[in-house]
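Colleague: For reference, the structure I am asking about is given below.
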Amino acid sequence: MIACAEHFLPGNDAEPKPDDDVVSSLSKTLGVQAITTDDLGIASKDFGGLKFVKPLALVRPYTADDVARVVRAAARSPTLTVAARGNGHSINGQAMAEHGLVLDMRSMDELVQLVRINGAPYVDVSGGALWEDVLKRCVSEFGLAPRSWTDYLSLTVGGTLSYAGVSGQAFRYGPQTSNVTELEVVTGKGETIVCSKTQSPELFFAVLGGLGQFGIITRARIVLQEAPHTVRWIRVVYSEFEEFSSDAEWLVRREEGESCFDYVEGFVFVNSDDPSNGWPTLPLDPQQVFDPIHIPPSAGPVLYCLELALHYRHSDHPSRVDAVVDGLLGRLRFIKGLKFQVDMGYTEFLLRVKRDEEHAKINGVWDAPHPWLNLFVSKSNIAEFDSEVFKKILKDGVNGPILVYPLLRNKWDSRQSVVVPESDIFYIVALLRFSPAPPKGPSPQLLVEQNRQILQLCLAKAFDFKLYFPHYHSRQDWINHFGNHQWSRFVERKTAFDPMAILAPGQKIFSRVP
Ligand code: FAD
């Protein structure tokens with residue numbers, strides 16, 4: 001239950017209605033095609049494949065008004081909750097609603113509209129739009145593109161803004177939540193509010209990184225920049241974590257005006273010829289070969305890769321691109337002989353994980369369970385995390401990428417709801433497990449247990465860390481996650497914007513107030 005939650009009585013309907021009445025009256029107002037109680041397939045599962053929960057109904061809203069009507073209808077019942085479902089790429093049922101209403105946000109009317117304010121370009125998009133569609137339309141219609149991305153783009157705008165949205169551009173522009181200037185939100189009170197840093201700012205900052213707790217994003221205004229034409233995509237390999245991390249930090253700390261890459265990420269891979277975890281995962285092109293002769297004898301069970309990209313335009317002379325890349329790479333301490341690079345179109349680069357998705361679908365690992373773990377770990381603890389977790393617990397890999405790269409705290413706005421470690425640099429660590437389902441692969445429970453072991457270790461060593469995409473079972477765990485001060489703020493925001501705890505029940509933070 002929410003502390004001090006006020007009851008909200010919508011309209012004149014003081015008497016609560018039974019759930020079935022709510023569904024049938026919604027069918028009348030929204031049209032029967034917009035609501036189903038039979039075909040609940042997509043609403044009952046997610047990418048994680050670990051949770052299956054049946055809602056009462058799946059609703060397909062087209063407009064913000066439809067969304068508001070559904071929230072108000074849920075408020076008239078004593079028990080109904082509402083989960084906005086983006087593209088269902090959650091891991092732990094966060095977009096589900098047991099016996100509640102699931103809104104399929106992808107059915108929202110398509111909106112990709114260029115807006116200029118004082119000459120600067122922005123795009124207004126629907127909360128249910130996929131980032132890949134935003135990319136394609138912005139590049140092809142306006143020659144412009146958002147600045148901050150996720151690695152994989154079949155995710156919705158509302159889904160990633162409810163967390164942060166992080167990729168290799170975040171060191172420079174901050175997460176996606178730092179690249180939004182206006183939102184249209186339907187709160188848990190069923191009110192539709194346009195908010196920004198200056199207009200209803202408390203709602204604006206609450207919703208960004210707000211785990212879907214305060215409102216449903218129906219429209220977002222995203223900052224745009226000129227879209228580059230081409231990208232030089234580079235991977236360089238390290239055997240020593242200290243050299244890898246200090247080079248990565250040097251790159252992300254470059255000052256404005258100094259030459260620097262446009263994208264900086266990193267990952268850990270196994271020092272072996274294992275096809276899913278080792279050397280063969282490095283080359284960027286089938287013609288390239290990873291020659292292990294270059295690996296120094298002192299190397300341990302895992303190696304590290306810095307993944308970099310530089311944007312350029314057709315009009316840039318190739319020698320300029322070479323000079324910038326060579327100038328930067330010349331300062332790095334990677335293993336000479338273990339450098340891979342390709343040049344490709346900008347859109348193709350941003351859609352690179354789509355190609356992995358196609359392969360994973362063919363291999364059957366896309367639809368298998370994904371017990372992923374995502375963390376933010378302070379710079380002060382990352383070396384010990386490497387020696388205890390990467391080199392020991394994960395020395396055989398996770399059958400998928402193990403991302404690790406630095407982010408700058410000053411690019412994150414502390415007024416938003418997301419919480420990150422205290423230090424000025426922290427690392428994102430992502431265990432993107434792609435094991436086949438049993439009996440070919442390990443039991444998902446074993447992998448969940450391995451995640452738990454890693455978290456226990458972080459707690460036992462008092463690391464300064466936070467879960468990204470947090471998932472907890474107890475109130476105390478949520479309080480610990482936020483810390484006392486931010487937890488109080490989170491509860492105040494809940495009381496203000498969703499006092500009956502109708503929204504995003506799958507996060508398991510608050511219980512519905514009857
Ligand atoms: P869903 O899973 O549908 O929803 C997530 C949460 O947001 C739920 O609580 C839901 O109720 C709420 N929600 C959804 N839509 C709205 C809305 N319009 N308004 C308010 N609340 C809403 N994340 C990164 O930061 N960087 C990455 O590079 C990255 N890569 C990924 C790659 C893959 C293959 C996968 C599966 C996930 C990846 N993610 C990444 C994680 C991803 O950002 C989150 O899982 C995100 O929530 C997925 O978006 P979705 O649209 O599928 O959201």
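Convention: chains lettered A, B, ... in structure tokens order; per-chain residue numbering from 1; ligands numbered from 1 as shown.
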For range 50-63 of chain A, find every residue with an atom within 9 Å (counting only C-alpha atoms), except residues of its own chain fewer than 3 positions away, and show them as a VMD selection string.
Modeller: chain A and resid 19 to 20 23 30 33 to 47 66 to 68 70 80 91 to 93 96 to 110 218 369 to 371 444
Colleague: Check which residues fall inside 6 Å of ligand 1 when counting only C-alpha atoms and all ligand atoms, and print them as a PDB file with N, CA, C and O atoms, in the first residue's frame.
Modeller:
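So the final result, stored in part-v3.pdb, reads:
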```pdb
ATOM      1  N   PHE A  47       9.979 -10.813 -22.990  1.00  0.00           N
ATOM      2  CA  PHE A  47      11.244 -11.301 -23.546  1.00  0.00           C
ATOM      3  C   PHE A  47      11.995 -12.184 -22.539  1.00  0.00           C
ATOM      4  O   PHE A  47      12.670 -13.132 -22.917  1.00  0.00           O
ATOM      5  N   ALA A  83      -1.437  -1.886 -17.012  1.00  0.00           N
ATOM      6  CA  ALA A  83      -0.024  -1.934 -17.413  1.00  0.00           C
ATOM      7  C   ALA A  83       0.080  -1.463 -18.849  1.00  0.00           C
ATOM      8  O   ALA A  83      -0.527  -2.046 -19.743  1.00  0.00           O
ATOM      9  N   ALA A  84       0.889  -0.403 -19.063  1.00  0.00           N
ATOM     10  CA  ALA A  84       1.231  -0.056 -20.444  1.00  0.00           C
ATOM     11  C   ALA A  84       2.251  -1.093 -20.892  1.00  0.00           C
ATOM     12  O   ALA A  84       3.227  -1.346 -20.192  1.00  0.00           O
ATOM     13  N   ARG A  85       2.001  -1.705 -22.043  1.00  0.00           N
ATOM     14  CA  ARG A  85       2.988  -2.643 -22.585  1.00  0.00           C
ATOM     15  C   ARG A  85       3.587  -2.000 -23.826  1.00  0.00           C
ATOM     16  O   ARG A  85       2.875  -1.681 -24.772  1.00  0.00           O
ATOM     17  N   GLY A  86       4.905  -1.799 -23.792  1.00  0.00           N
ATOM     18  CA  GLY A  86       5.578  -1.233 -24.960  1.00  0.00           C
ATOM     19  C   GLY A  86       5.787  -2.332 -25.975  1.00  0.00           C
ATOM     20  O   GLY A  86       4.863  -2.744 -26.676  1.00  0.00           O
ATOM     21  N   ASN A  87       7.015  -2.862 -26.017  1.00  0.00           N
ATOM     22  CA  ASN A  87       7.212  -4.028 -26.882  1.00  0.00           C
ATOM     23  C   ASN A  87       7.480  -5.279 -26.057  1.00  0.00           C
ATOM     24  O   ASN A  87       8.003  -6.263 -26.569  1.00  0.00           O
ATOM     25  N   GLY A  88       7.185  -5.216 -24.764  1.00  0.00           N
ATOM     26  CA  GLY A  88       7.299  -6.407 -23.912  1.00  0.00           C
ATOM     27  C   GLY A  88       8.715  -6.963 -23.822  1.00  0.00           C
ATOM     28  O   GLY A  88       8.891  -8.156 -23.654  1.00  0.00           O
ATOM     29  N   HIS A  89       9.729  -6.078 -23.880  1.00  0.00           N
ATOM     30  CA  HIS A  89      11.105  -6.572 -23.800  1.00  0.00           C
ATOM     31  C   HIS A  89      11.654  -6.532 -22.388  1.00  0.00           C
ATOM     32  O   HIS A  89      12.856  -6.524 -22.160  1.00  0.00           O
ATOM     33  N   SER A  90      10.749  -6.531 -21.442  1.00  0.00           N
ATOM     34  CA  SER A  90      11.134  -6.645 -20.038  1.00  0.00           C
ATOM     35  C   SER A  90      11.601  -8.064 -19.758  1.00  0.00           C
ATOM     36  O   SER A  90      11.337  -8.990 -20.539  1.00  0.00           O
ATOM     37  N   GLN A  94       7.603  -6.910 -15.890  1.00  0.00           N
ATOM     38  CA  GLN A  94       7.311  -5.519 -15.511  1.00  0.00           C
ATOM     39  C   GLN A  94       6.176  -4.895 -16.313  1.00  0.00           C
ATOM     40  O   GLN A  94       5.575  -3.922 -15.867  1.00  0.00           O
ATOM     41  N   ALA A  95       5.876  -5.423 -17.519  1.00  0.00           N
ATOM     42  CA  ALA A  95       4.795  -4.839 -18.325  1.00  0.00           C
ATOM     43  C   ALA A  95       3.517  -5.679 -18.237  1.00  0.00           C
ATOM     44  O   ALA A  95       2.638  -5.571 -19.084  1.00  0.00           O
ATOM     45  N   GLY A 127       4.240   7.490 -27.687  1.00  0.00           N
ATOM     46  CA  GLY A 127       4.908   6.697 -26.642  1.00  0.00           C
ATOM     47  C   GLY A 127       5.056   5.245 -27.035  1.00  0.00           C
ATOM     48  O   GLY A 127       5.922   4.533 -26.521  1.00  0.00           O
ATOM     49  N   GLY A 128       4.215   4.787 -27.969  1.00  0.00           N
ATOM     50  CA  GLY A 128       4.280   3.377 -28.380  1.00  0.00           C
ATOM     51  C   GLY A 128       5.115   3.155 -29.629  1.00  0.00           C
ATOM     52  O   GLY A 128       5.192   2.032 -30.145  1.00  0.00           O
ATOM     53  N   THR A 150      19.541   3.199 -27.677  1.00  0.00           N
ATOM     54  CA  THR A 150      19.844   1.924 -27.025  1.00  0.00           C
ATOM     55  C   THR A 150      20.559   1.084 -28.083  1.00  0.00           C
ATOM     56  O   THR A 150      20.515   1.420 -29.274  1.00  0.00           O
ATOM     57  N   ASP A 151      21.174  -0.020 -27.672  1.00  0.00           N
ATOM     58  CA  ASP A 151      21.884  -0.844 -28.668  1.00  0.00           C
ATOM     59  C   ASP A 151      20.907  -1.488 -29.642  1.00  0.00           C
ATOM     60  O   ASP A 151      21.212  -1.691 -30.810  1.00  0.00           O
ATOM     61  N   TYR A 152      19.762  -1.849 -29.104  1.00  0.00           N
ATOM     62  CA  TYR A 152      18.748  -2.573 -29.871  1.00  0.00           C
ATOM     63  C   TYR A 152      17.545  -1.649 -29.986  1.00  0.00           C
ATOM     64  O   TYR A 152      17.174  -1.005 -28.990  1.00  0.00           O
ATOM     65  N   LEU A 155      12.462  -1.436 -29.388  1.00  0.00           N
ATOM     66  CA  LEU A 155      11.974  -1.095 -28.046  1.00  0.00           C
ATOM     67  C   LEU A 155      11.139   0.167 -28.221  1.00  0.00           C
ATOM     68  O   LEU A 155      11.421   0.966 -29.121  1.00  0.00           O
ATOM     69  N   THR A 156      10.143   0.363 -27.359  1.00  0.00           N
ATOM     70  CA  THR A 156       9.323   1.565 -27.560  1.00  0.00           C
ATOM     71  C   THR A 156       9.914   2.765 -26.816  1.00  0.00           C
ATOM     72  O   THR A 156      10.653   2.627 -25.838  1.00  0.00           O
ATOM     73  N   GLY A 158       8.248   4.894 -24.962  1.00  0.00           N
ATOM     74  CA  GLY A 158       7.754   4.932 -23.574  1.00  0.00           C
ATOM     75  C   GLY A 158       8.441   3.900 -22.701  1.00  0.00           C
ATOM     76  O   GLY A 158       8.688   4.143 -21.516  1.00  0.00           O
ATOM     77  N   GLY A 159       8.770   2.749 -23.286  1.00  0.00           N
ATOM     78  CA  GLY A 159       9.426   1.676 -22.520  1.00  0.00           C
ATOM     79  C   GLY A 159      10.819   2.067 -22.077  1.00  0.00           C
ATOM     80  O   GLY A 159      11.189   1.878 -20.909  1.00  0.00           O
ATOM     81  N   THR A 160      11.626   2.645 -22.970  1.00  0.00           N
ATOM     82  CA  THR A 160      13.003   2.970 -22.554  1.00  0.00           C
ATOM     83  C   THR A 160      13.019   4.231 -21.683  1.00  0.00           C
ATOM     84  O   THR A 160      13.828   4.326 -20.760  1.00  0.00           O
ATOM     85  N   SER A 162      10.996   4.943 -19.480  1.00  0.00           N
ATOM     86  CA  SER A 162      10.583   4.556 -18.131  1.00  0.00           C
ATOM     87  C   SER A 162      11.769   4.040 -17.314  1.00  0.00           C
ATOM     88  O   SER A 162      11.641   3.819 -16.106  1.00  0.00           O
ATOM     89  N   ALA A 164      15.816   4.516 -18.598  1.00  0.00           N
ATOM     90  CA  ALA A 164      16.863   5.510 -18.871  1.00  0.00           C
ATOM     91  C   ALA A 164      17.140   5.505 -20.379  1.00  0.00           C
ATOM     92  O   ALA A 164      17.041   6.521 -21.031  1.00  0.00           O
ATOM     93  N   GLY A 165      17.498   4.303 -20.921  1.00  0.00           N
ATOM     94  CA  GLY A 165      17.836   4.192 -22.340  1.00  0.00           C
ATOM     95  C   GLY A 165      19.303   4.525 -22.542  1.00  0.00           C
ATOM     96  O   GLY A 165      19.687   5.693 -22.633  1.00  0.00           O
ATOM     97  N   VAL A 166      20.142   3.479 -22.574  1.00  0.00           N
ATOM     98  CA  VAL A 166      21.595   3.685 -22.555  1.00  0.00           C
ATOM     99  C   VAL A 166      22.260   2.955 -23.708  1.00  0.00           C
ATOM    100  O   VAL A 166      21.929   1.802 -24.002  1.00  0.00           O
ATOM    101  N   SER A 167      23.212   3.636 -24.333  1.00  0.00           N
ATOM    102  CA  SER A 167      24.068   2.988 -25.333  1.00  0.00           C
ATOM    103  C   SER A 167      25.380   3.778 -25.389  1.00  0.00           C
ATOM    104  O   SER A 167      25.669   4.578 -24.494  1.00  0.00           O
ATOM    105  N   LEU A 211       9.772   3.997 -13.986  1.00  0.00           N
ATOM    106  CA  LEU A 211       9.313   2.601 -13.953  1.00  0.00           C
ATOM    107  C   LEU A 211       7.809   2.509 -14.230  1.00  0.00           C
ATOM    108  O   LEU A 211       7.145   1.589 -13.734  1.00  0.00           O
ATOM    109  N   GLY A 212       7.289   3.456 -14.983  1.00  0.00           N
ATOM    110  CA  GLY A 212       5.867   3.426 -15.359  1.00  0.00           C
ATOM    111  C   GLY A 212       4.924   3.717 -14.209  1.00  0.00           C
ATOM    112  O   GLY A 212       3.716   3.541 -14.334  1.00  0.00           O
ATOM    113  N   GLY A 215       2.689   7.696 -14.678  1.00  0.00           N
ATOM    114  CA  GLY A 215       1.861   8.065 -15.809  1.00  0.00           C
ATOM    115  C   GLY A 215       2.252   7.243 -17.028  1.00  0.00           C
ATOM    116  O   GLY A 215       3.315   6.625 -17.056  1.00  0.00           O
ATOM    117  N   ILE A 216       1.362   7.264 -17.993  1.00  0.00           N
ATOM    118  CA  ILE A 216       1.616   6.544 -19.247  1.00  0.00           C
ATOM    119  C   ILE A 216       2.017   7.587 -20.291  1.00  0.00           C
ATOM    120  O   ILE A 216       1.271   8.550 -20.532  1.00  0.00           O
ATOM    121  N   ILE A 217       3.185   7.402 -20.864  1.00  0.00           N
ATOM    122  CA  ILE A 217       3.698   8.363 -21.845  1.00  0.00           C
ATOM    123  C   ILE A 217       2.972   8.125 -23.168  1.00  0.00           C
ATOM    124  O   ILE A 217       3.089   7.033 -23.750  1.00  0.00           O
ATOM    125  N   THR A 218       2.235   9.137 -23.618  1.00  0.00           N
ATOM    126  CA  THR A 218       1.532   8.964 -24.888  1.00  0.00           C
ATOM    127  C   THR A 218       2.237   9.717 -26.019  1.00  0.00           C
ATOM    128  O   THR A 218       2.042   9.429 -27.181  1.00  0.00           O
ATOM    129  N   ALA A 504       1.312   0.199 -13.820  1.00  0.00           N
ATOM    130  CA  ALA A 504       2.516  -0.653 -13.853  1.00  0.00           C
ATOM    131  C   ALA A 504       2.631  -1.573 -12.634  1.00  0.00           C
ATOM    132  O   ALA A 504       3.639  -1.555 -11.924  1.00  0.00           O
ATOM    133  N   GLN A 507       5.765  -4.010 -11.827  1.00  0.00           N
ATOM    134  CA  GLN A 507       7.019  -3.617 -11.172  1.00  0.00           C
ATOM    135  C   GLN A 507       7.040  -4.080  -9.717  1.00  0.00           C
ATOM    136  O   GLN A 507       8.085  -4.087  -9.079  1.00  0.00           O
TER     137      GLN A 507
END
```
Colleague: Can you work out which one of A:Ser272, A:Lys391, A:Tyr122, A:Leu408 has the shortest atom-to-atom distance to Leu251 in chain A, counting only C-alpha atoms?
Modeller: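 Nearest to Leu251 in chain A: A:Leu408.
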Colleague: Using Å and a single decimal, report how far CA of Val389 in chain A sits from CA of Tyr427 in chain A.
Modeller: 14.0 Å
Colleague: Which residues, written as a PyMOL selection string, have at least one atom at most 12 Å from Pro297 in chain A, with only C-alpha atoms counted and residues fewer than 3 positions away on the same chain left out?
Modeller: chain A and resi 239-240+271+292-294+300-301
Colleague: Run DSSP on the backbone of this structure and report the residues of range 222-255 of chain A it assigns to helix (DSSP H, G or I), as a list in words.
Modeller: Phe241, Glu242, Glu243, Phe244, Ser245, Ser246, Asp247, Ala248, Glu249, Trp250, Leu251 and Val252 of chain A
Colleague: Which one is closest to Arg333 in chain A: A:Val236, A:Ala383, A:Leu282, A:Leu403? Count only C-alpha atoms.
Modeller: A:Val236
Colleague: Just the number, please: distance in Å from CA of Ser315 in chain A to CA of Ile222 in chain A, one decimal.
Modeller: 26.8 Å
Colleague: One decimal, Å: what's the distance from CA of Val134 in chain A over to CA of Leu224 in chain A, could you say?
Modeller: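 Straight-line distance from CA of Val134 in chain A to CA of Leu224 in chain A works out to 10.9 Å.
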Colleague: For a quick check of understanding, using only C-alpha atoms, which of A:Val321, A:Val270, A:Ala129, A:Val264 has the smallest distance to Leu306 in chain A?
Modeller: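 With only C-alpha atoms as the atom set, the closest residue is A:Val264.
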Colleague: Looking only at strand (DSSP E) from DSSP on the backbone, list the matching residues of range 77-243 of chain A as a PyMOL selection string.
Modeller: chain A and resi 82-85+101-104+112-117+120-126+144-146+180-187+192-196+215-226+230-238
Colleague: Excluding same-chain residues fewer than 6 positions from Val342 in chain A, what lies within 9 Å of it counting only C-alpha atoms, as a VMD selection string?
Modeller: chain A and resid 231 to 234 284 to 285
Colleague: Which residue, A:Ala64, A:Gly257, A:Trp131, A:Ala170, has the smallest gap to Val194 in chain A when you use only C-alpha atoms?
Modeller: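 Using only C-alpha atoms, Val194 in chain A sits closest to A:Ala64.
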Colleague: Report as a ChimeraX atom specification all protein, DNA and RNA residues lying within 12 Å of Leu310 in chain A, evaluated on only C-alpha atoms, omitting residues in the same chain fewer than 3 positions from it.
Modeller: /A:168-169,228-235,259-264,307,313,316,320-326,328-329,341-346,349
Colleague: Only C-alpha atoms, please: the residues just picked out, written as a tab-separated table (two decimals), in the first residue's frame.
Modeller:
```tsv
chain	number	residue	atom	x	y	z
A	168	GLY	CA	27.48	4.13	-26.54
A	169	GLN	CA	26.35	7.75	-27.03
A	228	PRO	CA	25.70	11.44	-40.20
A	229	HIS	CA	25.92	9.36	-43.37
A	230	THR	CA	28.55	6.86	-42.37
A	231	VAL	CA	30.15	5.30	-39.32
A	232	ARG	CA	33.59	3.81	-38.81
A	233	TRP	CA	33.01	0.96	-36.36
A	234	ILE	CA	36.11	-0.25	-34.51
A	235	ARG	CA	36.93	-2.97	-31.98
A	259	SER	CA	38.44	15.14	-30.95
A	260	CYS	CA	36.60	12.10	-29.67
A	261	PHE	CA	34.61	9.10	-30.79
A	262	ASP	CA	30.82	9.41	-31.14
A	263	TYR	CA	30.19	6.05	-29.52
A	264	VAL	CA	32.16	4.27	-26.77
A	307	GLU	CA	34.01	-0.82	-29.14
A	313	ARG	CA	29.56	12.57	-43.77
A	316	ASP	CA	34.39	14.42	-45.23
A	320	ARG	CA	40.42	13.45	-42.22
A	321	VAL	CA	38.53	10.43	-40.88
A	322	ASP	CA	41.76	8.39	-40.80
A	323	ALA	CA	43.59	11.20	-39.05
A	324	VAL	CA	40.97	11.52	-36.27
A	325	VAL	CA	40.75	7.76	-35.75
A	326	ASP	CA	44.52	7.23	-35.83
A	328	LEU	CA	42.72	8.72	-30.90
A	329	LEU	CA	43.71	5.08	-31.29
A	341	GLN	CA	37.17	-2.05	-38.26
A	342	VAL	CA	34.49	-1.60	-40.89
A	343	ASP	CA	32.75	1.40	-42.44
A	344	MET	CA	28.98	1.24	-42.83
A	345	GLY	CA	25.90	3.41	-43.19
A	346	TYR	CA	24.70	5.19	-40.04
A	349	PHE	CA	25.16	0.66	-37.69
```
Colleague: Pick the closest to Asp133 in chain A from A:Ala460, A:Ala496, A:Leu351, A:Val186: which is it, counting only C-alpha atoms?
Modeller: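 For Asp133 in chain A, the nearest of the given residues is A:Leu351.
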Colleague: If we count only C-alpha atoms, what is near Glu202 in chain A at a cut-off of 10 Å, once residues fewer than 5 positions away on the same chain are taken out, given as a list in words?
Modeller: Cys195, Ser196, Lys197, Val207, Arg415, Gln416, Arg493, Ala496 and Phe497 of chain A
Colleague: Determine, counting only C-alpha atoms, which protein, DNA and RNA residues have an atom within 10 Å of an atom of Asp273 in chain A; residues of the same chain fewer than 5 positions away are not included. Present the result as a PDB file with N, CA and C atoms, in the first residue's frame.
Modeller:
```pdb
ATOM      1  N   GLY A 278      33.888 -16.579 -27.109  1.00  0.00           N
ATOM      2  CA  GLY A 278      35.321 -16.314 -27.203  1.00  0.00           C
ATOM      3  C   GLY A 278      35.740 -15.497 -28.409  1.00  0.00           C
ATOM      4  N   TRP A 279      36.986 -15.756 -28.864  1.00  0.00           N
ATOM      5  CA  TRP A 279      37.597 -14.961 -29.929  1.00  0.00           C
ATOM      6  C   TRP A 279      36.714 -14.807 -31.174  1.00  0.00           C
ATOM      7  N   PRO A 280      35.978 -15.859 -31.618  1.00  0.00           N
ATOM      8  CA  PRO A 280      35.213 -15.697 -32.875  1.00  0.00           C
ATOM      9  C   PRO A 280      34.124 -14.634 -32.801  1.00  0.00           C
ATOM     10  N   THR A 281      33.798 -14.143 -31.577  1.00  0.00           N
ATOM     11  CA  THR A 281      32.722 -13.143 -31.478  1.00  0.00           C
ATOM     12  C   THR A 281      33.239 -11.728 -31.790  1.00  0.00           C
ATOM     13  N   PHE A 290      40.415 -13.455 -36.032  1.00  0.00           N
ATOM     14  CA  PHE A 290      41.020 -13.139 -34.732  1.00  0.00           C
ATOM     15  C   PHE A 290      42.219 -14.067 -34.575  1.00  0.00           C
ATOM     16  N   PRO A 292      44.926 -15.475 -32.315  1.00  0.00           N
ATOM     17  CA  PRO A 292      45.278 -15.483 -30.884  1.00  0.00           C
ATOM     18  C   PRO A 292      46.776 -15.372 -30.621  1.00  0.00           C
TER      19      PRO A 292
END
```
